[in-house]
Amino acid sequence: MKIFEWIQEASEKLHEVAGESSRLEAQIILAFALGKSRSWILTHAHHTIDPISINKILSRRLQHEPLPYILGEKEFYGKMFHVNRSVLIPRQETEILVETILQTHKHQKDISLLDLCTGSGCISISIKLNQPYWNISGSDISIEALDTAKKNAAFHNTDIQFIHSNMFNHLPKQQYDIIVSNPPYICKTEVLDKQVSAFEPHTALYANNNGLEMYQIISNEAKFYLKPHGLLYLEIGYKQSERIIHEFQSKNWECLNIIKDLSGHQRVLVFKT
Ligand code: GLN
């Protein structure tokens, strides 16, 4: 079978799961299966391939497995991160969290930061790459997630301290200048795309109390882990802003900033005590 024939057939099959990206995904899957670049694929349209092993990879995608899990990587804030089914796939919206922190504190050289629920480590590592002198820690409830975060930190040659902890339960009694978190915030009754709900780790997605449980914990505990002028940066679900701001205000936090994502949803909140 020739490359262009395989791509044609695969894009038709992929249309149901990948929609408009089906042709691009077919090329990416083929490039991955052959260990070649996508530009090599595009310039070797008449090259003959044996489709059997390639179709095995294609069938994973046809069963809705997200492409980053198949490829084992996802780009975030301009860098590649290893991903697997023990970590949430880094999302574009989360780059706002990173960007906001880097912009706000760009002239500060001496910052200690905790990334609570670090997952793949994408937030803490992206910040460390841009602010190498900052002292950065990341925590997560999942040992498997922490293993992935450590692998990513080593891959990017960054020195980050990773801590195994369910929220604040096992954190050292230390105070940080910044706490950042993109915690699990999906309400358990919300119906998600199959490629999210059937493949991504539920502990990283869902939270009790309409998705608000982690914010309630953070609003109670984070002040003990922040320095007097410390700041808290949170990613939130697209319909949660009002309830979360109310929750934090009732615990004497002040909301300093609300940042919208590209769809116009309030996505990042900044608080101080
Ligand atoms: N901090 C990671 C991310 O933003 C993981 C978040 C999570 O597991 N809820 O992708």
# chains A, B, ... in the order shown; residues from 1 in each chain; ligands from 1
>>> closest_atom_pairs(of="chain A", to="ligand 1", cutoff="6 Å", atoms="only C-alpha atoms and all ligand atoms", output="CSV")
residue,atom,partner,partner_atom_place_in_ligand_line,distance
A:Leu88,CA,ligand 1,8 (O),5.2
A:Ile89,CA,ligand 1,10 (O),5.9
A:Pro90,CA,ligand 1,10 (O),4.0
A:Thr94,CA,ligand 1,4 (O),5.7
A:Cys117,CA,ligand 1,1 (N),5.4
A:Thr118,CA,ligand 1,1 (N),4.0
A:Gly119,CA,ligand 1,5 (C),3.8
A:Ser120,CA,ligand 1,2 (C),5.7
A:Ile123,CA,ligand 1,1 (N),5.8
A:Asn182,CA,ligand 1,6 (C),4.9
A:Pro183,CA,ligand 1,9 (N),4.1
A:Pro184,CA,ligand 1,9 (N),4.1
A:Ala204,CA,ligand 1,8 (O),3.9
A:Leu205,CA,ligand 1,9 (N),5.7
>>> residues_around(residues="stretch 153-169 of chain A", least_positions_apart="3", cutoff="9 Å", atoms="only C-alpha atoms", output="tab-separated table (two decimals) with C-alpha atoms, in the first residue's frame")
chain	number	residue	atom	x	y	z
A	79	LYS	CA	7.73	22.67	24.99
A	80	MET	CA	7.05	18.95	24.73
A	81	PHE	CA	5.85	17.03	27.79
A	82	HIS	CA	5.66	13.27	28.27
A	116	LEU	CA	-0.52	22.06	43.85
A	117	CYS	CA	-1.88	19.10	41.80
A	118	THR	CA	1.10	19.23	39.45
A	121	GLY	CA	4.42	18.97	35.88
A	122	CYS	CA	3.60	21.17	32.88
A	124	SER	CA	5.88	24.09	37.36
A	125	ILE	CA	8.36	23.08	34.65
A	128	LYS	CA	11.07	27.06	35.98
A	129	LEU	CA	12.27	27.12	32.35
A	132	PRO	CA	15.51	29.36	36.48
A	135	ASN	CA	12.56	27.83	43.94
A	136	ILE	CA	9.80	25.55	42.68
A	137	SER	CA	7.92	22.62	44.19
A	138	GLY	CA	5.10	20.51	42.79
A	139	SER	CA	2.76	18.19	44.67
A	140	ASP	CA	0.26	15.55	43.65
A	141	ILE	CA	-1.85	12.81	45.21
A	142	SER	CA	-0.78	10.31	42.55
A	143	ILE	CA	2.63	8.59	42.69
A	146	LEU	CA	4.69	12.39	40.16
A	148	THR	CA	5.73	11.44	35.04
A	149	ALA	CA	6.39	14.95	36.40
A	150	LYS	CA	9.89	13.85	37.51
A	172	PRO	CA	6.20	20.44	54.65
A	214	MET	CA	-10.66	21.35	45.94
A	217	ILE	CA	-9.93	22.96	50.65
A	218	ILE	CA	-7.64	25.58	49.12
A	221	GLU	CA	-5.73	25.85	53.93
A	222	ALA	CA	-3.66	27.86	51.45
A	225	TYR	CA	1.27	27.96	53.20
>>> residues_around(residues="stretch 66-75 of chain A", least_positions_apart="5", cutoff="10 Å", atoms="only C-alpha atoms", output="PyMOL selection string")
chain A and resi 17-18+25+28-29+32-33+57-58+60-61+80-92+122+194-196+198-200
>>> select_by_dssp(residues="stretch 58-210 of chain A", states="strand (DSSP E or B)", output="number ranges by chain")
A: 73-76, 79-82, 112-116, 135-140, 161-164, 176-181, 186-187, 206-207
>>> closest_residue(among="A:His229, A:Lys188, A:His44, A:His170", to="A:Phe271", atoms="only C-alpha atoms")
A:His229
>>> residues_around(residues="stretch 96-106 of chain A", least_positions_apart="6", cutoff="9 Å", atoms="only C-alpha atoms", output="ChimeraX atom specification")
/A:77,123-124,126-127,130-131,178,180-182,233-235,259-261,267-269
>>> atom_distance(atom1="atom CA of A:His46", atom2="atom CA of A:Arg23")
16.8 Å
>>> closest_residue(among="A:Thr43, A:Gln175, A:Ser22, A:Gln63", to="A:Leu231", atoms="only C-alpha atoms")
A:Gln175
>>> atom_distance(atom1="atom CA of A:Tyr238", atom2="atom CA of A:His202")
18.5 Å
>>> select_by_dssp(residues="stretch 146-214 of chain A", states="helix (DSSP H, G or I)", output="list in words")
Leu146, Asp147, Thr148, Ala149, Lys150, Lys151, Asn152, Ala153, Ala154, Phe155, Lys194, Gln195, Val196, Ser197, His202, Thr203, Ala204, Leu205, Asn208, Asn209, Asn210, Gly211, Glu213 and Met214 of chain A
>>> atom_distance(atom1="atom CA of A:Phe248", atom2="atom CA of A:Ser219")
5.6 Å
>>> closest_residue(among="A:Glu16, A:Glu213, A:Glu190, A:Glu247", to="A:Leu62", atoms="only C-alpha atoms")
A:Glu16
>>> closest_residue(among="A:Leu24, A:Lys239, A:Val270, A:Lys223", to="A:Arg38", atoms="only C-alpha atoms")
A:Leu24
>>> closest_residue(among="A:Gln27, A:Ser39, A:Ser241, A:Thr189", to="A:Asn208", atoms="only C-alpha atoms")
A:Thr189
